[in-house]
Each structure stands twice: as C-alpha cells, then as structure tokens.
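Shown below: start-v4.cif, with mmCIF, C-alpha atoms.
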data_query
#
loop_
_atom_site.label_atom_id
_atom_site.label_comp_id
_atom_site.auth_asym_id
_atom_site.auth_seq_id
_atom_site.Cartn_x
_atom_site.Cartn_y
_atom_site.Cartn_z
CA MET I 1 20.12 13.22 6.35
CA SER I 2 17.45 10.60 5.78
CA VAL I 3 20.04 8.02 4.68
CA TYR I 4 21.21 7.81 8.30
CA ILE I 5 17.81 6.98 9.75
CA LEU I 6 17.80 3.26 9.01
CA PRO I 7 21.42 2.38 9.85
CA VAL I 8 21.13 4.25 13.15
CA LEU I 9 17.85 2.47 13.92
CA PHE I 10 19.51 -0.90 13.24
CA ILE I 11 22.49 -0.10 15.48
CA VAL I 12 20.15 0.94 18.27
CA LEU I 13 18.18 -2.27 17.76
CA PHE I 14 21.23 -4.53 17.97
CA ILE I 15 22.67 -2.74 20.99
CA TYR I 16 19.28 -2.96 22.69
CA GLY I 17 19.16 -6.67 21.82
CA PHE I 18 22.60 -7.25 23.36
CA SER I 19 21.62 -5.38 26.49
CA LYS I 20 18.63 -7.71 26.85
CA LYS I 21 21.00 -10.68 26.42
CA ILE I 22 19.38 -11.97 23.23
CA ASN I 23 21.18 -14.25 20.81
CA THR I 24 20.70 -11.92 17.83
CA TYR I 25 22.00 -14.44 15.28
CA ASP I 26 19.56 -17.20 16.23
CA THR I 27 16.70 -14.76 16.56
CA PHE I 28 17.35 -13.23 13.14
CA VAL I 29 17.53 -16.65 11.49
CA LYS I 30 14.32 -17.72 13.18
CA GLY I 31 12.48 -14.69 11.83
CA ALA I 32 13.99 -14.82 8.35
CA LYS I 33 12.87 -18.44 7.96
CA GLY I 34 9.28 -17.24 7.80
CA ALA I 35 9.95 -15.21 4.64
CA ILE I 36 9.99 -18.18 2.26
CA SER I 37 6.68 -19.66 3.34
CA LEU I 38 5.09 -16.22 3.35
CA VAL I 39 6.19 -15.48 -0.21
CA VAL I 40 5.18 -18.95 -1.41
CA SER I 41 1.70 -18.43 -0.01
CA ILE I 42 1.18 -14.96 -1.50
CA PHE I 43 2.71 -15.71 -4.93
CA PRO I 44 -0.48 -17.08 -6.55
CA PHE I 45 -2.41 -13.97 -5.54
CA ILE I 46 0.27 -11.61 -6.84
CA ALA I 47 0.55 -13.59 -10.09
CA CYS I 48 -3.21 -13.44 -10.62
CA ILE I 49 -3.54 -9.71 -10.09
CA MET I 50 -0.48 -8.95 -12.24
CA VAL I 51 -1.79 -11.08 -15.12
CA ALA I 52 -5.16 -9.33 -14.90
CA VAL I 53 -3.55 -5.88 -14.93
CA ALA I 54 -1.27 -6.76 -17.85
CA LEU I 55 -4.26 -7.94 -19.89
CA LEU I 56 -6.12 -4.78 -19.02
CA ARG I 57 -3.27 -2.60 -20.26
CA VAL I 58 -2.41 -4.56 -23.39
CA SER I 59 -6.04 -4.75 -24.47
CA GLY I 60 -6.18 -0.95 -24.35
CA ILE I 61 -9.10 -0.89 -21.93
CA THR I 62 -7.33 1.45 -19.50
CA GLU I 63 -6.49 3.90 -22.27
CA PHE I 64 -10.09 3.83 -23.44
CA LEU I 65 -11.39 4.34 -19.90
CA ALA I 66 -8.95 7.20 -19.35
CA LYS I 67 -10.31 8.90 -22.46
CA CYS I 68 -13.91 8.41 -21.34
CA LEU I 69 -13.25 9.69 -17.84
CA ALA I 70 -11.14 12.68 -18.88
CA PRO I 71 -14.05 15.19 -18.86
CA VAL I 72 -15.04 14.13 -15.34
CA PHE I 73 -11.44 14.38 -14.15
CA ASN I 74 -11.03 17.78 -15.82
CA PHE I 75 -14.13 19.00 -14.03
CA LEU I 76 -12.51 17.97 -10.73
CA GLY I 77 -9.36 19.89 -11.61
CA ILE I 78 -7.23 16.95 -12.74
CA PRO I 79 -5.35 17.43 -16.05
CA THR I 80 -6.20 15.00 -18.88
CA GLU I 81 -2.58 13.86 -19.08
CA LEU I 82 -2.83 12.25 -15.64
CA CYS I 83 -6.02 10.20 -16.16
CA GLU I 84 -4.30 6.94 -17.09
CA LEU I 85 -1.84 7.29 -14.22
CA ILE I 86 -4.68 7.72 -11.72
CA LEU I 87 -6.59 4.77 -13.18
CA LEU I 88 -3.60 2.40 -13.08
CA ARG I 89 -2.24 3.51 -9.71
CA PRO I 90 -4.53 1.30 -7.57
CA PHE I 91 -3.48 -1.81 -9.51
CA THR I 92 0.24 -1.66 -10.11
CA GLY I 93 3.16 -0.08 -8.31
CA SER I 94 5.90 -0.70 -10.89
CA GLY I 95 3.53 0.13 -13.75
CA SER I 96 2.56 3.48 -12.27
CA TYR I 97 6.19 4.41 -11.58
CA ALA I 98 6.95 3.63 -15.23
CA LEU I 99 4.09 5.92 -16.25
CA LEU I 100 5.40 8.61 -13.89
CA ASN I 101 8.74 8.44 -15.64
CA ASP I 102 6.97 8.81 -19.00
CA VAL I 103 5.29 11.95 -17.67
CA TYR I 104 8.69 13.35 -16.58
CA VAL I 105 10.14 12.67 -20.02
CA ALA I 106 7.17 14.21 -21.83
CA TYR I 107 6.52 17.27 -19.66
CA GLY I 108 9.58 17.63 -17.40
CA PRO I 109 9.74 16.84 -13.67
CA ASP I 110 9.36 20.50 -12.67
CA SER I 111 6.30 21.22 -14.82
CA TYR I 112 2.84 21.47 -13.26
CA ILE I 113 1.87 18.08 -14.74
CA GLY I 114 5.11 16.50 -13.51
CA ARG I 115 4.71 17.80 -9.98
CA CYS I 116 1.05 16.81 -9.85
CA ALA I 117 1.92 13.29 -10.95
CA SER I 118 4.64 13.08 -8.27
CA VAL I 119 2.32 14.15 -5.48
CA ILE I 120 -0.50 11.88 -6.67
CA LEU I 121 1.83 8.88 -6.65
CA GLY I 122 3.35 9.84 -3.31
CA CYS I 123 0.01 10.15 -1.53
CA SER I 124 -1.58 6.95 -2.86
CA GLU I 125 -0.99 3.21 -2.75
CA THR I 126 -1.60 0.17 -4.92
CA ILE I 127 -4.99 -0.43 -3.32
CA PHE I 128 -5.95 -3.68 -5.06
CA TYR I 129 -2.50 -5.16 -4.54
CA VAL I 130 -2.52 -4.28 -0.82
CA ALA I 131 -6.04 -5.65 -0.35
CA THR I 132 -5.20 -8.87 -2.24
CA VAL I 133 -2.02 -9.54 -0.29
CA TYR I 134 -3.43 -8.58 3.13
CA PHE I 135 -6.61 -10.62 2.76
CA SER I 136 -4.83 -13.55 1.02
CA GLN I 137 -3.87 -15.29 4.26
CA THR I 138 -7.28 -14.98 5.91
CA LYS I 139 -10.55 -16.84 5.43
CA VAL I 140 -12.31 -13.65 4.36
CA LYS I 141 -14.43 -13.88 1.21
CA LYS I 142 -16.45 -10.69 1.60
CA LEU I 143 -14.21 -7.63 1.72
CA GLY I 144 -16.97 -5.25 2.79
CA TYR I 145 -16.31 -1.56 2.22
CA ALA I 146 -12.50 -1.69 2.43
CA ILE I 147 -11.75 -1.13 -1.27
CA PRO I 148 -14.43 1.48 -2.07
CA CYS I 149 -13.35 3.59 0.94
CA ALA I 150 -9.70 3.46 -0.09
CA LEU I 151 -10.54 4.29 -3.72
CA ILE I 152 -12.68 7.30 -2.82
CA ALA I 153 -10.00 8.52 -0.40
CA SER I 154 -7.32 8.26 -3.11
CA MET I 155 -9.51 10.14 -5.57
CA VAL I 156 -10.00 12.95 -3.05
CA GLY I 157 -6.23 12.86 -2.50
CA ALA I 158 -5.58 13.25 -6.23
CA ILE I 159 -7.91 16.25 -6.43
CA VAL I 160 -6.22 17.85 -3.42
CA ALA I 161 -2.80 17.06 -4.92
CA CYS I 162 -3.61 18.95 -8.13
CA LEU I 163 -4.93 21.85 -6.07
CA LEU I 164 -1.84 21.95 -3.82
CA CYS I 165 0.55 21.89 -6.77
CA ARG I 166 -1.16 24.99 -8.15
CA ILE I 167 -0.50 27.01 -4.99
CA MET I 168 2.75 25.50 -3.64
CA MET A 1 -12.23 -7.72 -15.47
CA MET A 2 -10.04 -10.46 -16.91
CA LEU A 3 -12.86 -11.72 -19.12
CA ALA A 4 -13.53 -8.27 -20.56
CA SER A 5 -9.84 -7.81 -21.37
CA LEU A 6 -9.74 -11.23 -23.03
CA PHE A 7 -12.74 -10.42 -25.20
CA VAL A 8 -11.18 -7.16 -26.33
CA LEU A 9 -7.84 -8.86 -26.98
CA ILE A 10 -9.42 -11.50 -29.24
CA TYR A 11 -10.62 -8.60 -31.34
CA VAL A 12 -7.47 -6.45 -31.21
CA ASP A 13 -4.47 -8.75 -30.97
CA PRO A 14 -5.20 -12.44 -30.24
CA GLY A 15 -1.55 -13.46 -30.63
CA ALA A 16 -0.45 -11.30 -27.73
CA THR A 17 -2.76 -12.91 -25.17
CA LEU A 18 -0.71 -15.81 -23.88
CA THR A 19 2.64 -14.02 -24.07
CA THR A 20 1.20 -11.12 -22.09
CA MET A 21 -0.09 -13.45 -19.41
CA ILE A 22 3.14 -15.38 -19.12
CA ASP A 23 5.23 -12.20 -19.11
CA ALA A 24 3.09 -10.85 -16.29
CA SER A 25 3.38 -14.08 -14.35
CA THR A 26 7.17 -13.98 -14.82
CA ASP A 27 7.16 -10.43 -13.48
CA ALA A 28 5.15 -11.67 -10.49
CA LEU A 29 7.73 -14.39 -9.83
CA THR A 30 10.63 -11.91 -10.06
CA LEU A 31 8.78 -9.59 -7.70
CA CYS A 32 8.18 -12.46 -5.27
CA ILE A 33 11.85 -13.46 -5.28
CA GLU A 34 12.77 -9.85 -4.51
CA LEU A 35 10.07 -9.71 -1.85
CA CYS A 36 11.38 -12.94 -0.32
CA ALA A 37 14.79 -11.33 0.12
CA VAL A 38 13.28 -8.16 1.53
CA TYR A 39 10.97 -10.06 3.89
CA ALA A 40 13.83 -12.25 5.13
CA VAL A 41 15.78 -9.18 6.25
CA TRP A 42 12.76 -7.47 7.81
CA LEU A 43 11.31 -10.55 9.45
CA GLY A 44 14.75 -11.31 10.90
CA LEU A 45 15.04 -7.81 12.33
CA LEU A 46 11.43 -7.96 13.45
CA GLU A 47 12.11 -11.12 15.44
CA ILE A 48 14.86 -9.24 17.29
CA VAL A 49 12.52 -6.29 17.87
CA ASP A 50 9.98 -8.75 19.22
CA ALA A 51 12.35 -10.81 21.40
CA SER A 52 14.00 -7.76 22.92
CA GLY A 53 10.67 -6.37 24.06
CA LEU A 54 11.03 -3.29 21.87
CA GLY A 55 7.86 -4.19 19.99
CA LYS A 56 5.88 -4.16 23.22
CA LYS A 57 7.24 -0.72 24.09
CA LEU A 58 6.32 0.67 20.68
CA ALA A 59 2.86 -0.85 20.95
CA LYS A 60 2.40 0.76 24.36
CA LEU A 61 3.33 4.13 22.87
CA LEU A 62 0.88 3.86 19.99
CA ARG A 63 -1.72 1.97 21.98
CA PRO A 64 -4.19 4.81 22.60
CA ILE A 65 -4.44 5.58 18.87
CA ILE A 66 -4.53 1.95 17.75
CA LYS A 67 -7.13 0.95 20.32
CA LYS A 68 -9.46 3.75 19.29
CA LEU A 69 -8.93 3.40 15.56
CA PHE A 70 -9.06 -0.37 15.22
CA LYS A 71 -11.36 -1.18 18.15
CA ILE A 72 -9.21 -4.06 19.36
CA ASP A 73 -7.95 -5.08 22.74
CA ASN A 74 -5.24 -7.63 22.22
CA GLU A 75 -1.60 -6.97 22.99
CA GLU A 76 -0.20 -9.21 20.25
CA ILE A 77 -2.29 -7.61 17.49
CA GLU A 78 -1.62 -4.10 18.81
CA LYS A 79 2.11 -4.83 18.57
CA MET A 80 1.84 -6.02 14.96
CA ILE A 81 -0.22 -3.01 13.94
CA ALA A 82 2.18 -0.63 15.73
CA LEU A 83 5.12 -2.10 13.80
CA ASN A 84 3.14 -2.11 10.55
CA MET A 85 2.27 1.57 10.91
CA SER A 86 5.77 2.62 11.93
CA ALA A 87 7.28 0.87 8.91
CA ASN A 88 4.71 2.52 6.66
CA MET A 89 5.53 5.97 7.96
CA LEU A 90 9.21 5.40 7.26
CA GLY A 91 8.24 4.60 3.67
CA LEU A 92 9.04 0.90 4.04
CA GLY A 93 5.88 -0.54 2.52
CA ASN A 94 7.52 -3.91 1.90
CA ALA A 95 8.66 -4.18 5.51
CA ALA A 96 5.16 -3.33 6.69
CA THR A 97 3.51 -6.12 4.68
CA PRO A 98 4.58 -9.22 6.66
CA MET A 99 3.52 -7.62 9.95
CA GLY A 100 0.26 -6.46 8.41
CA ILE A 101 -0.46 -10.00 7.19
CA LYS A 102 0.24 -11.39 10.66
CA ALA A 103 -2.13 -8.85 12.20
CA MET A 104 -4.79 -9.70 9.62
CA GLN A 105 -4.51 -13.40 10.42
CA ALA A 106 -4.83 -12.70 14.13
CA MET A 107 -7.90 -10.49 13.59
CA ASP A 108 -9.65 -13.02 11.33
CA ASP A 109 -12.73 -14.45 13.04
CA LYS A 110 -13.03 -17.18 10.34
CA SER A 111 -16.56 -16.08 9.49
CA GLY A 112 -15.62 -15.28 5.91
CA VAL A 113 -16.63 -11.65 6.33
CA ALA A 114 -14.08 -8.90 6.89
CA THR A 115 -14.32 -7.39 10.36
CA TYR A 116 -14.19 -3.68 11.05
CA SER A 117 -10.60 -3.81 12.34
CA MET A 118 -9.42 -5.79 9.30
CA MET A 119 -10.96 -3.32 6.89
CA MET A 120 -9.48 -0.42 8.85
CA LEU A 121 -5.99 -1.91 8.64
CA VAL A 122 -6.32 -2.47 4.88
CA ILE A 123 -7.64 1.06 4.36
CA VAL A 124 -4.82 2.62 6.38
CA ASN A 125 -2.29 0.59 4.40
CA ALA A 126 -3.99 1.26 1.06
CA THR A 127 -4.03 5.04 1.49
CA SER A 128 -0.31 5.43 2.18
CA ILE A 129 0.81 7.06 5.39
CA GLN A 130 4.44 7.41 4.35
CA LEU A 131 6.12 10.64 5.34
CA LEU A 132 9.02 10.51 2.87
CA PRO A 133 8.21 9.71 -0.78
CA SER A 134 11.74 8.43 -1.46
CA THR A 135 11.01 6.57 -4.73
CA VAL A 136 9.35 9.60 -6.30
CA ILE A 137 12.19 11.90 -5.20
CA GLY A 138 14.73 9.50 -6.69
CA LEU A 139 12.88 9.36 -10.00
CA ARG A 140 12.64 13.16 -10.10
CA ALA A 141 16.36 13.52 -9.46
CA ASN A 142 17.06 11.06 -12.29
CA ALA A 143 14.83 13.04 -14.63
CA GLY A 144 16.90 16.17 -13.99
CA SER A 145 14.61 18.11 -11.67
CA SER A 146 16.08 21.35 -10.30
CA ASP A 147 14.71 20.61 -6.82
CA PRO A 148 13.63 16.95 -6.55
CA ALA A 149 12.52 17.28 -2.93
CA ASP A 150 10.19 20.26 -3.37
CA ILE A 151 7.19 17.93 -3.61
CA ILE A 152 7.64 16.65 -0.03
CA LEU A 153 5.37 19.20 1.62
CA PRO A 154 2.44 18.89 -0.79
CA THR A 155 2.84 15.09 -0.72
CA ILE A 156 2.66 14.95 3.08
CA LEU A 157 -0.40 17.21 3.09
CA ALA A 158 -2.10 15.13 0.38
CA THR A 159 -1.21 11.91 2.23
CA ILE A 160 -2.82 13.25 5.39
CA VAL A 161 -5.94 14.02 3.34
CA THR A 162 -6.13 10.54 1.74
CA THR A 163 -5.58 8.65 4.98
CA SER A 164 -8.01 10.77 7.00
CA VAL A 165 -10.69 10.57 4.32
CA GLY A 166 -10.20 6.79 4.22
CA ILE A 167 -10.49 6.47 8.00
CA LEU A 168 -13.52 8.76 8.18
CA LEU A 169 -15.27 6.83 5.40
CA ALA A 170 -14.59 3.54 7.18
CA ILE A 171 -16.03 4.89 10.43
CA LEU A 172 -19.06 6.23 8.54
CA CYS A 173 -19.63 2.91 6.73
CA ASN A 174 -19.38 1.07 10.02
CA LYS A 175 -21.97 3.38 11.61
CA ILE A 176 -24.37 2.92 8.69
CA LYS A 177 -23.86 -0.84 8.79
CA THR A 178 -24.57 -1.17 12.51
CA ARG A 179 -27.62 1.06 12.16
CA LEU A 180 -28.97 -1.08 9.32
CA ALA A 181 -28.31 -4.24 11.31
CA ARG A 182 -30.20 -2.77 14.25
CA LYS A 183 -33.16 -1.86 12.03
CA LYS A 184 -33.37 -5.39 10.71
CA LYS A 185 -33.71 -6.73 14.21
#
Would it be possible to restate this file's structure as structure tokens?
Amino acid sequence: MSVYILPVLFIVLFIYGFSKKINTYDTFVKGAKGAISLVVSIFPFIACIMVAVALLRVSGITEFLAKCLAPVFNFLGIPTELCELILLRPFTGSGSYALLNDVYVAYGPDSYIGRCASVILGCSETIFYVATVYFSQTKVKKLGYAIPCALIASMVGAIVACLLCRIM
Amino acid sequence: MMLASLFVLIYVDPGATLTTMIDASTDALTLCIELCAVYAVWLGLLEIVDASGLGKKLAKLLRPIIKKLFKIDNEEIEKMIALNMSANMLGLGNAATPMGIKAMQAMDDKSGVATYSMMMLVIVNATSIQLLPSTVIGLRANAGSSDPADIILPTILATIVTTSVGILLAILCNKIKTRLARKKK
C-alpha cells in the first residue's frame, strides 16, 4: 500500500504543474542545480562529526560509557543490551542501524529486546547530525537549548518505547 | 570529545588512529555523494512544487500550527517549514533536510545566537515525526521477523511522545529564558 504513496504524489505534482502551465523540465533542472552547492557546503561538517564518532567508537569510550550507565538505564526500565544503541543513536544513523541489525542477529527481531530496539530507533533521530547540518549554513555559534531538549525528549521516548513493547 | 578519544586511542591502539579518521572521512564523502543525488531529485521536485503554487497551498493548510509553534510570520519561511514537516512525516528525512536548511537560513538574524524558531525547527527535526518507520521494518523483514510491521503502532506512539516532550521542553526553556532576561533588566 505505502509503495504507491510517492509515485501517486509525483503524478499529481506533474499534472498539477502542467495545469499551471509550468515548464517542468526547466524548473526541475533549476532546483536540482542547488544540490551540488548544498552538499559541498555541508560536507566539512558531516566529515567532522563522522570522524569524531568513529574515534569515539574505536577507542571504546562508548562501550565503557554504556557499561557505566547500564544501572541507571535499568532503573528506568531499559534493558542493558540496548545501552550502547541508545548512546550512539544521537550521533550516527548508519552506525545505529548496524547495531540494530546486530541486536536482531543476537536476540531475534521478534524478541522483547529486538522490538524495543526497533521502536527506540523508529522514534528517535540522529540529533547531533541534524543539529550540525541544520545550523551549518547559518551564522549561529550558540545553539542554546536545542540539543539538550532533543536529547531529553529522546530519552523519555526510549523509556516509553520499552514500556510500550512490554504491553503491546 | 575528539581529544578524549585520541588520548584513549594512544593508550589502546595508536596505529588505528589515522586509518579510523580517514575511513570515517571516506564514509562521509560517500554519504555526501549519495545525498547529492537524493537532494538533486528532491530539490528538482521541490522547485516544481514551489513554481506551481502547491507549496503556498500546503503552507496555508499548516499555517495555524506553524505560526503558533514557531512564532514566525513570514510566508516564505512558513512554506519551507510546511514542506520540511510534510517530508518528515512521510519518512523522507533526506528530502526534508534541504528545505530545513533553507528555512534555517531565512530565520537566521545573524546575531550568532540561535533564535527560538530556529531551535524549535531543529528540535522538531531531531525528535523524528515520521509516521512510517520504513527502514526499521525493512531490516526486521530481512532478519526473518514473523510480523515486521507490528512495531508501527508502538513506534508512532513513542514518536508522538518524543516530539511533544521536545516541543514542551523548548517552550519551557523559552519561558524561563525570557523571565530571566526580564529579571536582569
């Protein structure tokens, strides 16, 4: 069902464009041109955050932190197995999906741990990546309370996710 | 953060340092090339949405919510945010990014400090408002789940929780900040 959503939306868009007498080819090209400069300008920021995250993982700091924080997470109802996933989630999208797959292999996708991990990943975002990319093209140096708010919200989401998986 | 990792690495495995960094940077470049392709398609379609006046219509529809939530009154920015949020809900995070960046640029007051509306947009984007966790469902199906889609309902509920907590916290922080500023005066 959901595979039809996008193609249908595109058809509607093009038909609407024709009805408004727009040269869709020229318009598309004009918009697509902006992609290269956009990517060129955000590349340094993405490279920096990915290097930092890779160092953090290889050095074993995340694993160590996950071990330290496990009692706190357990107290909040989050299984120990998911600590590293929750810690890495705000930093890396591809990395956390790789970890999710590891969880599926180790515990099975239909186990409590597997379902918890799925919901936690589905309800959260790569906070630091989003903040870096979104602020990268502005003059902002002080990010204010944007990141703490998002982090606390994701933590609450993770707790709720573990709770929901127990009853649903 | 980087410094701490470097110190630990010198102790644990000094040889891996540079290779790790270069590997990560290579990954970043691959990601950017992929993103460039994705952005080209979405920005092209977006231009059509914009030129046909569809963007304006969508913005009008979402205007009451956007105006209240982001405290802005500018048609161009409202349009960008409307498109950004719609793409997010469809689970198209990568399509949402270029419009989000444009909105951020337009909201920037060049003071060097993030404004309330900028922080709100980042928080909404960083707490995921997608309604269909397609990547997770795909991974579950690959891993041999008996019902890959049975996490949709809890995921939507949890997403609503994360986004609303994020928005409420932002409103709270803003209230505290304005109160503190008033006290100082």
May I ask for the distance between atom CA of Asp109 of chain A and atom CA of Lys141 of chain I, given in Å to one decimal place?
-> 12.0 Å
Where does the PyMOL selection byres ((chain I and resi 145) around 12) land in this file, that is, which residues does it pick, as a ChimeraX atom specification?
-> /I:131,142-144,146-152 /A:113-120,122-123,166-167,169-174,176-177
Long-range neighbours of Ala106 of chain A as a VMD selection string, 10 Å cut-off, all atoms listed in the file, 5 positions minimum in chain | (chain I and resid 138) or (chain A and resid 74 76 to 77 80 100 to 101 118)
Name the residues that the PyMOL selection byres ((chain A) within 6 of (chain I)) picks from the file above, as JSON, numbers by chain, using the file's chain letters and numbers.
-> {"A": [2, 5, 8, 9, 21, 24, 25, 28, 36, 39, 40, 43, 44, 45, 47, 48, 52, 101, 105, 110, 112, 113, 114, 119, 123, 126, 127, 128, 133, 140, 145, 155, 158, 159, 161, 162, 165, 166, 169]}
Expanded to explicit residues, what is the PyMOL selection byres ((chain A and resi 148) around 9) for this file, as a PyMOL selection string?
-> (chain I and resi 109-110) or (chain A and resi 136-142+144-147+149-152)
Mind pulling up the distance from atom CA of Leu82 of chain I to atom CA of Phe7 of chain A?
-> 26.5 Å
Atom CA of Thr92 of chain I and atom CA of Glu34 of chain A, how far apart in Å?
-> 16.0 Å
Expected answer as a PyMOL selection string: all residues with atoms within 12 Å of (4.5, 4.5, 19.9), all atoms listed in the file = chain A and resi 54-66+78-87
If you keep C-alpha atoms, can you produce a file of those selected residues as a short mmCIF file (atom, residue, chain, number, x, y, z; two decimals), in the frame of the given file?
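File written: selection.cif
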data_model
loop_
_atom_site.label_atom_id
_atom_site.label_comp_id
_atom_site.auth_asym_id
_atom_site.auth_seq_id
_atom_site.Cartn_x
_atom_site.Cartn_y
_atom_site.Cartn_z
CA LEU A 54 11.03 -3.29 21.87
CA GLY A 55 7.86 -4.19 19.99
CA LYS A 56 5.88 -4.16 23.22
CA LYS A 57 7.24 -0.72 24.09
CA LEU A 58 6.32 0.67 20.68
CA ALA A 59 2.86 -0.85 20.95
CA LYS A 60 2.40 0.76 24.36
CA LEU A 61 3.33 4.13 22.87
CA LEU A 62 0.88 3.86 19.99
CA ARG A 63 -1.72 1.97 21.98
CA PRO A 64 -4.19 4.81 22.60
CA ILE A 65 -4.44 5.58 18.87
CA ILE A 66 -4.53 1.95 17.75
CA GLU A 78 -1.62 -4.10 18.81
CA LYS A 79 2.11 -4.83 18.57
CA MET A 80 1.84 -6.02 14.96
CA ILE A 81 -0.22 -3.01 13.94
CA ALA A 82 2.18 -0.63 15.73
CA LEU A 83 5.12 -2.10 13.80
CA ASN A 84 3.14 -2.11 10.55
CA MET A 85 2.27 1.57 10.91
CA SER A 86 5.77 2.62 11.93
CA ALA A 87 7.28 0.87 8.91
#
First collect every listed atom of segment 36-43 of chain A; then fit an axis-aligned box around them, widen it by 3 Å on each side, and give centre and edge lengths in Å to one decimal, as AutoDock Vina command-line options.
--center_x 13.4 --center_y -10.2 --center_z 4.6 --size_x 10.8 --size_y 11.5 --size_z 15.8
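By only C-alpha atoms, and with residues fewer than 4 positions from Leu85 of chain I along its chain excluded, the set lying at most 7 Å from it is Arg89, Ser96 and Leu99 of chain I.
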